[in-house]
Protein chains: 2
Amino acid sequence: MTISQQDALKGSGLYDTMRRDIVFGRLPAGGKLLLNDLRNRYGVSISTIRECLSRLVAEGFVKSEGHRGFHVSPVTPEGLQDVAELRILLEGHALKRSLEAGDTQWEARIVAAHHKLHRMEQKMAAGDYAVRETWKQGDWEFHQSLISACGSSELMFLHGTVFDKYLRYQMRVLTFRGETAAAEHRQLLKAALERDADTAERILRRHIEGGVNHALENWQD
Amino acid sequence: MTISQQDALKGSGLYDTMRRDIVFGRLPAGGKLLLNDLRNRYGVSISTIRECLSRLVAEGFVKSEGHRGFHVSPVTPEGLQDVAELRILLEGHALKRSLEAGDTQWEARIVAAHHKLHRMEQKMAAGDYAVRETWKQGDWEFHQSLISACGSSELMFLHGTVFDKYLRYQMRVLTFRGETAAAEHRQLLKAALERDADTAERILRRHIEGGVNHALENWQD
DNA sequence: ATGATTATAAAAATCGATTATCGTGCAATT
DNA sequence: AATTGCACGATAATCGATTTTTATAATCAT
């Protein structure tokens with residue numbers, strides 16, 4: 001018996017879907033979130049929607065104001081700077097720890113993750129914009145793999161959330177920055193395998209700040 | 001017309017109460033959270049309880065396992081180390097930024113916050129254990145005030161949560177470490193006012209690691 | 001007696017409906 | 001004409017009940 005599409009969107013499945021919808025802009029930044037609309041859109045009851053929204057509020061993807069409902073967190077240039085600095089802080093620290101502690105299995109993980117990402121980057125470069133989300137998924141997984149030997153689950157978890165907040169800003173930019181980013185990913189992998197923490201951190205900072213500038217230059221509300 | 005005590009525990013009021021109950025151990029670490037019990041305990045419906053739990057899950061105070069319910073996040077020595085390192089990273093960074101950017105109003109805030117904290121520390125030293133929670137509230141507010149000029153609301157928010165996770169470990173320790181901590185708070189205030197970032201960060205690290213060691217030495221499950 | 005299978009009870013997850021709150025437009029008063 | 005108060009519609013927040021899932025106990029077969 002197959003699971004119907006309706007049932008697939010319950011519980012944590014709904015949460016994943018809504019978080020994605022926010023990160024990838026299908027629920028527009030700053031937009032009002034009507035409970036009835038969401039109920040229709042996702043085909044679940046108000047209670048289930050609210051449960052999900054509570055989680056997203058706690059993570060900062062959604063804002064709630066007293067008894068006046070919910071809306072997607074707005075995007076601002078300052079917010080981008082803020083989240084980017086936080087990502088540099090968390091990922092930079094975790095990266096250092098990971099390079100110190102990573103074993104051969106970790107090396108295998110980052111090589112594998114980079115390979116998957118690289119394939120997506122090639123498709124994007126070839127103009128196949130359909131893989132946009134898979135591409136960014138690969139991006140996420142590569143960066144997570146890099147820090148996966150840092151030894152702190154708290155840090156990994158926080159980084160995952162902050163990365164998605166950063167990603168939301170990147171997804172708003174229509175022009176492509178893939179070539180530069182791809183080169184930085186290669187350099188990052190190389191530095192990681194060579195356990196060159198200083199270089200890795202420098203590239204990471206450049207990588208993130210490059211994304212910030214690209215987003216600011218092509219800003220549109 | 002007065003607001004009844006029942007109604008006071010709705011919405012975000014319930015959230016504050018439950019988070020406090022976890023941090024201060026009234027909902028014991030690792031304990032199972034029965035929805036019916038919680039409904040009776042807080043006098044609200046299941047839906048409201050679940051909404052609140054979702055938020056606490058997102059923040060990491062509560063764990064949820066598939067369709068098998070909720071339990072308070074367990075405490076482990078590794079978890080303490082983990083959360084302490086994260087606090088040093090976040091608070092240390094924010095502190096540096098705050099010392100760079102803080103104006104006179106910020107100075108007034110940290111002096112005021114330290115004064116309130118100091119009063120509580122005196123009461124604790126005099127044996128008035130009834131102020132335990134107010135004391136730790138003052139602790140929280142002092143550290144938040146120190147970093148309040150860092151310019152990043154994301155960072156402040158994350159620190160607030162991480163601080164509470166750290167605090168939960170401290171509240172489990174019955175023996176008193178007040179004198180040492182109070183001295184460190186004084187040094188921290190002094191270094192902050194003198195804009196001596198290196199000293200401030202060194203004291204902060206000692207302050208946090210001191211708490212970790214104290215908790216580990218007096219560990220009890 | 002032991003392992004597998006089915007009934008039963010307990011708990012979680014979801015839903016539809018009710019209640020409380022908020023925002024808006026209309027009317028009344030100055 | 002402007003401002004205040006009131007009523008109505010819309011939306012959010014909460015609840016009690018239903019459905020689904022999981023855990024436990026009992027039965028049956030080997």
# chains A, B, ... in the order shown; residues from 1 in each chain; ligands from 1
>>> residues_around(residues="DA11 of chain C", least_positions_apart="3", cutoff="12 Å", atoms="only C-alpha atoms (C1' of nucleotides)", output="number ranges by chain")
B: 33-37, 67-70; D: 20-24
>>> closest_atom_pairs(of="chain D", to="chain A", cutoff="9 Å", atoms="only C-alpha atoms (C1' of nucleotides)", output="tab-separated table")
residue	atom	partner	partner_atom	distance
D:DT11	C1'	A:Gly69	CA	8.0
D:DA12	C1'	A:His67	CA	6.1
D:DA13	C1'	A:His67	CA	7.7
>>> write_last_selection(atoms="N, CA, C and O atoms (P, O5', C5', C4', C3', O3' and C1' of nucleotides)", output="compact mmCIF listing (two decimals), in the first residue's frame")
# COMPACT_ATOMS: atom_id res chain seq x y z
P DT D 11 -9.54 36.93 7.00
O5' DT D 11 -8.63 36.51 8.23
C5' DT D 11 -7.95 37.50 9.00
C4' DT D 11 -7.68 36.96 10.39
C3' DT D 11 -7.05 35.56 10.43
O3' DT D 11 -5.70 35.70 10.82
C1' DT D 11 -8.67 35.90 12.15
P DA D 12 -4.76 34.47 11.08
O5' DA D 12 -4.77 34.39 12.67
C5' DA D 12 -4.54 35.58 13.41
C4' DA D 12 -4.74 35.31 14.90
C3' DA D 12 -3.92 34.15 15.45
O3' DA D 12 -3.42 34.53 16.71
C1' DA D 12 -6.20 33.76 15.88
P DA D 13 -2.41 33.57 17.50
O5' DA D 13 -3.37 32.85 18.54
C5' DA D 13 -4.00 33.63 19.54
C4' DA D 13 -4.84 32.74 20.43
C3' DA D 13 -4.10 31.51 20.99
O3' DA D 13 -4.28 31.51 22.40
C1' DA D 13 -6.16 30.86 19.96
>>> residues_around(residues="Gly178 of chain B", least_positions_apart="5", cutoff="8 Å", atoms="only C-alpha atoms (C1' of nucleotides)", output="list in words")
Glu121, Met124 and Ala125 of chain B
>>> write_last_selection(atoms="N, CA and C atoms", output="mmCIF file, in the first residue's frame")
data_model
loop_
_atom_site.group_PDB
_atom_site.id
_atom_site.type_symbol
_atom_site.label_atom_id
_atom_site.label_comp_id
_atom_site.auth_asym_id
_atom_site.auth_seq_id
_atom_site.Cartn_x
_atom_site.Cartn_y
_atom_site.Cartn_z
ATOM 1 N N GLU B 121 23.824 38.277 44.850
ATOM 2 C CA GLU B 121 24.981 37.497 45.308
ATOM 3 C C GLU B 121 25.190 37.676 46.813
ATOM 4 N N MET B 124 22.583 35.554 48.559
ATOM 5 C CA MET B 124 22.959 34.142 48.492
ATOM 6 C C MET B 124 24.079 33.843 49.482
ATOM 7 N N ALA B 125 25.070 34.752 49.535
ATOM 8 C CA ALA B 125 26.193 34.558 50.447
ATOM 9 C C ALA B 125 25.718 34.549 51.898
#
>>> residues_around(residues="Leu158 of chain A", least_positions_apart="6", cutoff="12 Å", atoms="only C-alpha atoms (C1' of nucleotides)", output="list in words")
Glu59, Gly60, Val83, Leu86, Arg87, Leu89, Leu90, Glu91, Ala94, Gln144, Ile147, Ser152, Asp164 and Lys165 of chain A; Ala58, Glu59, Gly60, Val83, Leu86, Leu90, Glu154, Leu155, Leu158, His159, Thr161 and Val162 of chain B
>>> write_last_selection(atoms="C-alpha atoms", output="PDB file, in the first residue's frame")
ATOM      1  CA  GLU A  59      14.273  28.974  14.864  1.00  0.00           C
ATOM      2  CA  GLY A  60      13.632  32.473  13.580  1.00  0.00           C
ATOM      3  CA  VAL A  83      23.524  35.969   9.653  1.00  0.00           C
ATOM      4  CA  LEU A  86      27.287  34.339  12.560  1.00  0.00           C
ATOM      5  CA  ARG A  87      27.905  31.695   9.932  1.00  0.00           C
ATOM      6  CA  LEU A  89      31.893  32.487  13.436  1.00  0.00           C
ATOM      7  CA  LEU A  90      30.227  29.087  13.809  1.00  0.00           C
ATOM      8  CA  GLU A  91      31.505  27.404  10.669  1.00  0.00           C
ATOM      9  CA  ALA A  94      33.854  24.158  13.701  1.00  0.00           C
ATOM     10  CA  GLN A 144      28.139  20.162   6.931  1.00  0.00           C
ATOM     11  CA  ILE A 147      32.604  20.414   9.998  1.00  0.00           C
ATOM     12  CA  SER A 152      29.977  19.179  18.826  1.00  0.00           C
ATOM     13  CA  ASP A 164      19.597  27.882   5.872  1.00  0.00           C
ATOM     14  CA  LYS A 165      19.027  31.481   6.915  1.00  0.00           C
TER      15      LYS A 165
ATOM     16  CA  ALA B  58      13.374  23.367  18.220  1.00  0.00           C
ATOM     17  CA  GLU B  59      15.538  24.948  20.902  1.00  0.00           C
ATOM     18  CA  GLY B  60      16.825  21.629  22.169  1.00  0.00           C
ATOM     19  CA  VAL B  83      27.286  23.714  25.591  1.00  0.00           C
ATOM     20  CA  LEU B  86      29.554  27.001  22.536  1.00  0.00           C
ATOM     21  CA  LEU B  90      29.341  33.001  21.216  1.00  0.00           C
ATOM     22  CA  GLU B 154      20.857  36.838  16.067  1.00  0.00           C
ATOM     23  CA  LEU B 155      23.891  36.414  18.257  1.00  0.00           C
ATOM     24  CA  LEU B 158      21.349  32.366  20.351  1.00  0.00           C
ATOM     25  CA  HIS B 159      23.390  33.293  23.389  1.00  0.00           C
ATOM     26  CA  THR B 161      19.308  30.003  24.641  1.00  0.00           C
ATOM     27  CA  VAL B 162      22.802  28.597  25.083  1.00  0.00           C
TER      28      VAL B 162
END
>>> select_by_dssp(residues="segment 1-136 of chain B", states="strand (DSSP E)", output="PyMOL selection string")
chain B and resi 32-33+62-64+70-72
>>> residues_around(residues="segment 190-200 of chain B", least_positions_apart="4", cutoff="8 Å", atoms="only C-alpha atoms (C1' of nucleotides)", output="PyMOL selection string")
chain B and resi 95-96+99-100+107+146+186+204
>>> residues_around(residues="Arg168 of chain B", least_positions_apart="4", cutoff="8 Å", atoms="only C-alpha atoms (C1' of nucleotides)", output="PyMOL selection string")
chain B and resi 22-25+164+172
>>> interface_residues(of="chain C", to="chain B", cutoff="10 Å", atoms="only C-alpha atoms (C1' of nucleotides)", output="list in words")
DA11, DA12, DA13 and DT14 of chain C
